[in-house]
file input.txt (compact mmCIF, C-alpha atoms)
# COMPACT_ATOMS: atom_id res chain seq x y z
CA MET A 12 108.24 104.26 111.64
CA PHE A 13 106.41 100.94 111.35
CA ASN A 14 108.63 98.18 110.04
CA PRO A 15 106.82 94.92 109.16
CA LEU A 16 110.08 92.97 109.38
CA LYS A 17 110.44 93.92 113.04
CA MET A 18 107.00 92.65 113.94
CA ASP A 19 106.38 91.03 117.27
CA PRO A 20 106.48 87.16 116.97
CA ILE A 21 102.92 86.99 118.35
CA GLU A 22 101.71 89.42 115.67
CA LYS A 23 103.54 87.42 113.01
CA ARG A 24 101.75 84.25 114.10
CA MET A 25 98.41 86.09 114.06
CA LEU A 26 99.10 87.34 110.53
CA LEU A 27 100.04 83.80 109.51
CA GLY A 28 96.69 82.54 110.82
CA GLY A 29 94.82 85.25 108.92
CA LEU A 30 96.74 84.64 105.70
CA ALA A 31 96.23 80.87 105.94
CA THR A 32 92.46 81.33 106.33
CA SER A 33 92.38 83.76 103.41
CA LEU A 34 94.32 81.35 101.19
CA ILE A 35 91.94 78.51 102.07
CA TYR A 36 88.94 80.76 101.37
CA TYR A 37 90.15 82.04 97.99
CA GLY A 38 91.67 78.68 97.02
CA ASN A 39 88.21 77.19 97.43
CA ARG A 40 86.68 80.05 95.43
CA PHE A 41 89.11 79.36 92.61
CA ALA A 42 88.33 75.63 92.71
CA MET A 43 84.61 76.46 92.65
CA ASP A 44 85.09 78.52 89.49
CA THR A 45 87.42 76.20 87.62
CA VAL A 46 86.95 72.57 88.74
CA PRO A 47 84.18 71.01 86.58
CA GLY A 48 83.12 68.36 89.10
CA TYR A 49 82.91 70.69 92.09
CA PRO A 50 80.20 69.35 94.45
CA GLN A 51 76.86 71.10 94.02
CA GLU A 52 76.12 70.76 97.76
CA LEU A 53 78.98 73.16 98.49
CA LYS A 54 77.73 75.63 95.88
CA ASN A 55 74.20 75.68 97.34
CA ARG A 56 72.96 78.18 99.93
CA VAL A 57 71.10 77.36 103.13
CA GLU A 58 69.04 80.51 102.58
CA PRO A 59 69.11 83.05 99.71
CA HIS A 60 70.61 85.75 101.97
CA MET A 61 73.45 83.49 103.08
CA PRO A 62 76.73 82.93 101.25
CA GLN A 63 77.44 79.60 99.53
CA ASN A 64 78.00 76.66 101.89
CA ALA A 65 81.67 76.35 100.91
CA ASP A 66 82.26 80.05 101.71
CA ILE A 67 80.78 79.59 105.20
CA ILE A 68 82.91 76.50 105.83
CA THR A 69 86.16 78.05 104.57
CA SER A 70 85.60 81.22 106.62
CA LEU A 71 84.70 79.60 109.93
CA ALA A 72 86.32 76.15 109.88
CA PRO A 73 90.03 77.23 110.01
CA PRO A 74 89.73 79.25 113.28
CA ALA A 75 87.50 76.57 114.81
CA THR A 76 89.96 73.83 113.84
CA LEU A 77 92.91 75.78 115.23
CA TYR A 78 91.09 76.35 118.54
CA VAL A 79 90.39 72.59 118.76
CA VAL A 80 94.06 71.86 118.01
CA LYS A 81 95.01 74.34 120.73
CA LYS A 82 92.80 72.48 123.21
CA ILE A 83 94.31 69.11 122.24
CA MET A 84 97.96 70.25 122.38
CA LYS A 85 99.80 69.30 125.55
CA SER A 86 102.92 71.42 125.22
CA THR A 87 102.29 74.90 126.68
CA ASP A 88 104.63 76.59 124.20
CA LYS A 89 102.95 75.03 121.14
CA LYS A 90 99.54 75.68 122.68
CA GLU A 91 100.36 79.37 122.86
CA LYS A 92 101.64 79.49 119.28
CA VAL A 93 98.59 77.68 117.87
CA GLY A 94 96.39 79.95 120.01
CA ASP A 95 97.94 83.03 118.38
CA MET A 96 97.36 81.56 114.92
CA ALA A 97 93.78 80.69 115.87
CA PHE A 98 93.17 84.27 116.98
CA GLY A 99 94.65 85.59 113.70
CA ALA A 100 92.38 83.21 111.78
CA THR A 101 89.42 84.55 113.80
CA LEU A 102 90.42 88.14 112.96
CA TYR A 103 90.02 87.27 109.29
CA GLY A 104 87.42 84.49 109.22
CA VAL A 105 84.61 85.90 111.38
CA PRO A 106 84.53 89.44 109.85
CA ASN A 107 84.83 87.84 106.39
CA PHE A 108 81.81 85.63 107.09
CA LEU A 109 79.74 88.66 108.20
CA HIS A 110 81.00 90.54 105.13
CA ASP A 111 79.74 87.73 102.87
CA VAL A 112 76.32 87.61 104.58
CA VAL A 113 75.82 91.39 104.25
CA VAL A 114 77.01 91.50 100.63
CA GLN A 115 74.81 88.56 99.58
CA SER A 116 71.82 90.08 101.43
CA ALA A 117 72.41 93.40 99.66
CA TYR A 118 72.39 91.61 96.30
CA VAL A 119 69.16 89.73 97.10
CA GLU A 120 67.50 92.97 98.27
CA GLY A 121 68.71 94.74 95.13
CA VAL A 122 67.18 92.07 92.90
CA ALA A 123 63.92 92.27 94.92
CA ALA A 124 63.85 96.06 94.52
CA ARG A 125 64.50 95.90 90.78
CA PRO A 126 61.63 97.50 88.83
CA ALA A 127 59.54 94.95 86.92
CA ALA A 128 60.67 94.46 83.34
CA ARG A 129 58.33 95.84 80.70
CA LEU A 130 56.42 93.08 79.02
CA PRO A 131 56.83 92.91 75.24
CA LEU A 132 53.87 94.17 73.23
CA THR A 133 52.22 91.07 71.90
CA MET A 134 50.03 92.87 69.37
CA ALA A 135 52.48 95.34 67.84
CA ALA A 136 54.59 93.37 65.40
CA SER A 137 52.14 90.63 64.62
CA LYS A 138 52.38 88.25 61.72
CA TYR A 139 49.29 89.95 60.32
CA VAL A 140 51.28 93.18 59.91
CA ALA A 141 54.10 91.30 58.22
CA SER A 142 51.74 89.74 55.68
CA GLN A 143 50.23 93.13 54.87
CA ASN A 144 53.62 94.74 54.42
CA ASN A 145 54.08 93.05 51.06
CA ASN A 146 51.59 95.48 49.58
CA LEU A 147 53.25 98.57 51.04
CA ARG A 148 55.59 100.75 49.08
CA SER A 149 56.91 102.61 52.08
CA ALA A 150 59.13 101.08 54.76
CA PRO A 151 57.16 98.97 57.21
CA GLN A 152 56.42 100.67 60.51
CA VAL A 153 57.24 97.97 62.96
CA SER A 154 56.54 100.08 66.02
CA SER A 155 53.11 101.10 64.86
CA VAL A 156 49.93 99.35 65.84
CA SER A 157 48.59 96.98 63.20
CA LYS A 158 45.35 98.84 62.38
CA TYR A 159 47.28 101.88 61.09
CA VAL A 160 49.17 99.67 58.67
CA LEU A 161 45.96 98.17 57.40
CA THR A 162 44.30 101.47 56.61
CA SER A 163 47.33 103.10 54.95
CA MET B 16 89.88 87.80 126.03
CA ASP B 17 92.29 90.54 127.12
CA SER B 18 91.97 94.22 126.16
CA VAL B 19 94.61 93.97 123.40
CA GLU B 20 92.73 91.14 121.71
CA LYS B 21 89.45 93.03 122.09
CA ASN B 22 90.95 96.11 120.43
CA MET B 23 92.37 94.01 117.60
CA LEU B 24 88.99 92.37 117.03
CA ILE B 25 87.31 95.81 116.98
CA GLY B 26 89.85 96.99 114.41
CA ALA B 27 89.29 93.93 112.21
CA PHE B 28 85.50 94.42 112.36
CA ALA B 29 85.85 98.17 111.61
CA THR B 30 87.96 97.44 108.53
CA SER B 31 85.55 94.72 107.46
CA ALA B 32 82.58 97.10 108.00
CA VAL B 33 84.01 99.64 105.54
CA ASP B 34 84.81 96.82 103.10
CA MET B 35 81.32 95.35 103.37
CA GLY B 36 79.68 98.79 103.06
CA LEU B 37 81.44 99.47 99.77
CA GLU B 38 80.89 95.95 98.49
CA ALA B 39 77.22 95.84 99.57
CA ASN B 40 76.58 99.11 97.72
CA PHE B 41 78.16 97.61 94.62
CA THR B 42 76.21 94.35 94.75
CA TYR B 43 72.91 96.08 95.66
CA ASN B 44 73.19 98.22 92.54
CA ARG B 45 74.18 95.21 90.48
CA GLY B 46 71.07 93.46 91.79
CA LEU B 47 69.05 96.52 90.76
CA GLY B 48 70.48 96.22 87.28
CA LYS B 49 72.59 99.39 87.54
CA PRO B 50 76.20 98.14 87.81
CA LEU B 51 78.69 100.64 89.20
CA ASP B 52 81.72 99.25 87.36
CA GLY B 53 84.22 101.97 86.55
CA GLN B 54 82.65 104.52 88.92
CA PHE B 55 84.57 105.74 91.96
CA PRO B 56 85.63 103.81 94.05
CA TYR B 57 84.89 100.70 91.95
CA ILE B 58 87.75 101.33 89.57
CA GLY B 59 89.71 98.36 88.27
CA ILE B 60 93.47 98.86 88.22
CA HIS B 61 94.45 95.64 86.47
CA ASP B 62 92.79 92.24 86.03
CA ALA B 63 95.30 90.68 88.43
CA ILE B 64 95.10 93.43 91.10
CA PRO B 65 92.16 94.13 93.44
CA PRO B 66 90.05 97.17 92.53
CA LEU B 67 90.41 100.54 94.24
CA ASP B 68 87.58 100.03 96.75
CA ASP B 69 89.41 97.03 98.24
CA TRP B 70 92.59 99.09 98.67
CA ILE B 71 90.66 101.92 100.33
CA ALA B 72 88.96 99.58 102.82
CA ASP B 73 91.64 96.97 103.47
CA ALA B 74 94.77 99.16 103.39
CA GLY B 75 93.39 102.68 103.91
CA VAL B 76 91.36 102.06 107.06
CA PRO B 77 94.12 100.33 109.09
CA ALA B 78 96.64 102.95 107.90
CA LEU B 79 94.29 105.74 109.01
CA MET B 80 93.76 104.11 112.42
CA TYR B 81 97.53 103.70 112.83
CA LEU B 82 98.22 107.35 111.95
CA LEU B 83 95.46 108.56 114.27
CA GLY B 84 96.85 106.37 117.06
CA LYS B 85 100.33 107.81 116.55
CA VAL B 86 99.14 111.43 116.36
CA MET B 87 96.73 111.18 119.29
CA LYS B 88 99.16 108.91 121.18
CA LYS B 89 96.47 106.32 121.83
CA PRO B 90 97.84 102.75 122.06
CA SER B 91 94.31 101.34 121.77
CA LEU B 92 93.96 102.83 118.26
CA ILE B 93 97.30 101.32 117.24
CA GLN B 94 96.11 97.92 118.50
CA MET B 95 92.91 98.35 116.45
CA ALA B 96 95.04 99.24 113.42
CA LYS B 97 96.98 95.99 113.86
CA GLY B 98 93.75 93.97 113.98
CA GLY B 99 92.51 95.81 110.90
CA ALA B 100 95.83 95.19 109.16
CA ILE B 101 95.63 91.43 109.77
CA TYR B 102 92.17 91.39 108.19
CA GLY B 103 93.14 93.79 105.39
CA VAL B 104 96.48 92.22 104.44
CA SER B 105 94.93 88.73 104.43
CA GLN B 106 92.02 89.93 102.28
CA LEU B 107 94.23 91.77 99.77
CA ALA B 108 96.67 88.86 99.53
CA GLY B 109 93.83 86.37 98.99
CA ILE B 110 92.07 88.50 96.36
CA THR B 111 95.36 89.15 94.54
CA LEU B 112 96.28 85.45 94.40
CA TYR B 113 92.75 84.56 93.29
CA ARG B 114 92.83 87.19 90.54
CA VAL B 115 96.32 86.19 89.39
CA ALA B 116 95.23 82.54 89.21
CA LYS B 117 92.07 83.47 87.29
CA PHE B 118 94.05 85.77 85.01
CA ALA B 119 96.53 82.98 84.23
CA THR B 120 93.86 80.31 83.69
CA PRO B 121 91.93 80.43 80.41
CA ALA B 122 88.18 80.69 80.92
CA PRO B 123 86.22 77.44 80.32
CA ALA B 124 83.88 79.26 77.94
CA ALA B 125 86.81 80.35 75.75
CA ARG B 126 88.14 76.79 75.57
CA TYR B 127 84.65 75.58 74.65
CA VAL B 128 84.54 78.03 71.74
CA VAL B 129 87.95 76.94 70.50
CA VAL B 130 86.93 73.25 70.57
CA ASN B 131 83.74 74.04 68.70
CA ARG B 132 85.60 75.95 66.01
CA ARG B 133 87.89 72.98 65.46
CA ILE B 134 84.89 70.71 65.01
call {"tool": "encode", "arguments": {"input": "input.txt", "output": "structure tokens"}}
result
Amino acid sequence: MFNPLKMDPIEKRMLLGGLATSLIYYGNRFAMDTVPGYPQELKNRVEPHMPQNADIITSLAPPATLYVVKKIMKSTDKKEKVGDMAFGATLYGVPNFLHDVVVQSAYVEGVAARPAARLPLTMAASKYVASQNNNLRSAPQVSSVSKYVLTS
Amino acid sequence: MDSVEKNMLIGAFATSAVDMGLEANFTYNRGLGKPLDGQFPYIGIHDAIPPLDDWIADAGVPALMYLLGKVMKKPSLIQMAKGGAIYGVSQLAGITLYRVAKFATPAPAARYVVVNRRI
């Protein structure tokens, strides 16, 4: 039986990397929704099919940063640990970035495929009909065309 | 990259592919103007908990890979399940925390209404 408490230390570090990236990603999302002065540049999109700039950064920056830290580290032991965390961050960040691109593209395609909205009838309920309704004893027929109201 | 890391990456992408398939279907229909809210699998459990489609993709897929790996005695499938689990657990934890925070924070629009009423 799988016991998460008896996980391999390497797997634990990978999970930590993934969780850290996820927290950064959703922490930013929360800030985007709630902080009034959130920078507009981070809310913008490079292209309509792409996720918001901040989503791209928060998905891809943590693994990239951890890999850079791994390169800089001199101690072999720490290098290995940071490397495991970087790989865990990659396991979350890169698929999450692709997920965001596909989901945003699907939304844009859905909007593009939306059937055109019916234009409102400009002649139907004209002010001319309204002025004539004063002389009517029956309920005004708003949906009818004006000439029928005039002749009734 | 060694074979274990490759398998884990494949597992994470497989889990993400199911997640993105379900989510893309939802957003495509929302773009079309036909939202699928409340329809299977887009069923909300609670405002602070991720909806059912997230549980199916992020917990169901790695669990299925793990069970298949155990039954078929294929270590590669178990490694894929672990990669999928790292993606899935991180995603579910992030969404849950985000939803809990949103649930606990009053919406700006609501506050705006309250201020206006006072005026």
call {"tool": "axis_aligned_box", "arguments": {"input": "input.txt", "around": "segment 39-53 of chain B", "padding_each_side": "6 Å", "output": "JSON"}}
result
{"center_x": 76.6, "center_y": 97.7, "center_z": 93.1, "size_x": 27.2, "size_y": 20.5, "size_z": 25.0}
call {"tool": "closest_atom_pairs", "arguments": {"input": "input.txt", "of": "chain B", "to": "chain A", "cutoff": "6 Å", "atoms": "all atoms listed in the file", "output": "tab-separated table"}}
result
residue	atom	partner	partner_atom	distance
B:Ala27	CA	A:Leu102	CA	5.9
B:Phe28	CA	A:Pro106	CA	5.7
B:Ser31	CA	A:Pro106	CA	5.9
B:Met35	CA	A:His110	CA	5.1
B:Ala39	CA	A:Val114	CA	4.5
B:Thr42	CA	A:Tyr118	CA	4.9
B:Tyr43	CA	A:Gly121	CA	4.4
B:Gly46	CA	A:Val122	CA	4.3
B:Leu47	CA	A:Arg125	CA	4.6
B:Ile101	CA	A:Leu26	CA	5.4
B:Tyr102	CA	A:Tyr103	CA	4.8
B:Ser105	CA	A:Leu30	CA	4.6
B:Gly109	CA	A:Ser33	CA	5.3
B:Tyr113	CA	A:Tyr37	CA	5.9
call {"tool": "atom_distance", "arguments": {"input": "input.txt", "atom1": "atom CA of Lys85 of chain B", "atom2": "atom CA of Leu107 of chain B"}}
result
24.0 Å
call {"tool": "atom_distance", "arguments": {"input": "input.txt", "atom1": "atom CA of Gly26 of chain B", "atom2": "atom CA of Lys92 of chain A"}}
result
21.7 Å
call {"tool": "residues_around", "arguments": {"input": "input.txt", "residues": "Met80 of chain B", "least_positions_apart": "5", "cutoff": "10 Å", "atoms": "only C-alpha atoms", "output": "PyMOL selection string"}}
result
chain B and resi 26+29-30+75+85-86+91-97+99-100
call {"tool": "closest_residue", "arguments": {"input": "input.txt", "among": "B:Ala63, B:Ile58, B:Leu51, B:Met16", "to": "Ala119 of chain B", "atoms": "all atoms listed in the file"}}
result
B:Ala63
call {"tool": "decode", "arguments": {"input": "input.txt", "residues": "segment 34-78 of chain B", "atoms": "C-alpha atoms", "output": "short mmCIF file (atom, residue, chain, number, x, y, z; two decimals), in the first residue's frame"}}
result
data_model
loop_
_atom_site.label_atom_id
_atom_site.label_comp_id
_atom_site.auth_asym_id
_atom_site.auth_seq_id
_atom_site.Cartn_x
_atom_site.Cartn_y
_atom_site.Cartn_z
CA ASP B 34 -7.02 18.26 -17.17
CA MET B 35 -6.60 20.56 -20.16
CA GLY B 36 -9.01 18.48 -22.28
CA LEU B 37 -11.78 18.85 -19.70
CA GLU B 38 -11.00 22.50 -19.05
CA ALA B 39 -10.70 23.37 -22.76
CA ASN B 40 -14.11 21.81 -23.41
CA PHE B 41 -15.55 23.92 -20.62
CA THR B 42 -14.00 27.19 -21.78
CA TYR B 43 -14.78 26.52 -25.47
CA ASN B 44 -18.46 26.14 -24.61
CA ARG B 45 -18.32 29.20 -22.39
CA GLY B 46 -16.84 31.10 -25.34
CA LEU B 47 -19.70 29.81 -27.48
CA GLY B 48 -22.14 31.17 -24.94
CA LYS B 49 -23.29 27.74 -23.74
CA PRO B 50 -21.75 27.36 -20.25
CA LEU B 51 -21.55 23.80 -18.94
CA ASP B 52 -21.77 24.72 -15.25
CA GLY B 53 -23.49 22.02 -13.25
CA GLN B 54 -23.22 19.40 -16.01
CA PHE B 55 -21.06 16.31 -15.50
CA PRO B 56 -18.10 16.53 -14.83
CA TYR B 57 -18.25 20.29 -14.17
CA ILE B 58 -20.05 19.89 -10.88
CA GLY B 59 -19.14 22.21 -8.03
CA ILE B 60 -18.81 20.51 -4.66
CA HIS B 61 -18.31 23.60 -2.51
CA ASP B 62 -17.10 27.14 -3.18
CA ALA B 63 -13.84 26.40 -1.35
CA ILE B 64 -13.20 23.00 -2.99
CA PRO B 65 -12.17 22.37 -6.62
CA PRO B 66 -14.95 21.07 -8.89
CA LEU B 67 -15.32 17.41 -9.82
CA ASP B 68 -13.48 17.65 -13.16
CA ASP B 69 -10.31 18.75 -11.35
CA TRP B 70 -10.52 15.76 -9.00
CA ILE B 71 -11.05 13.36 -11.91
CA ALA B 72 -8.03 14.69 -13.82
CA ASP B 73 -5.60 15.57 -11.04
CA ALA B 74 -6.32 12.73 -8.59
CA GLY B 75 -8.05 10.12 -10.76
CA VAL B 76 -5.50 9.86 -13.55
CA PRO B 77 -2.41 9.35 -11.32
CA ALA B 78 -4.37 6.89 -9.15
#
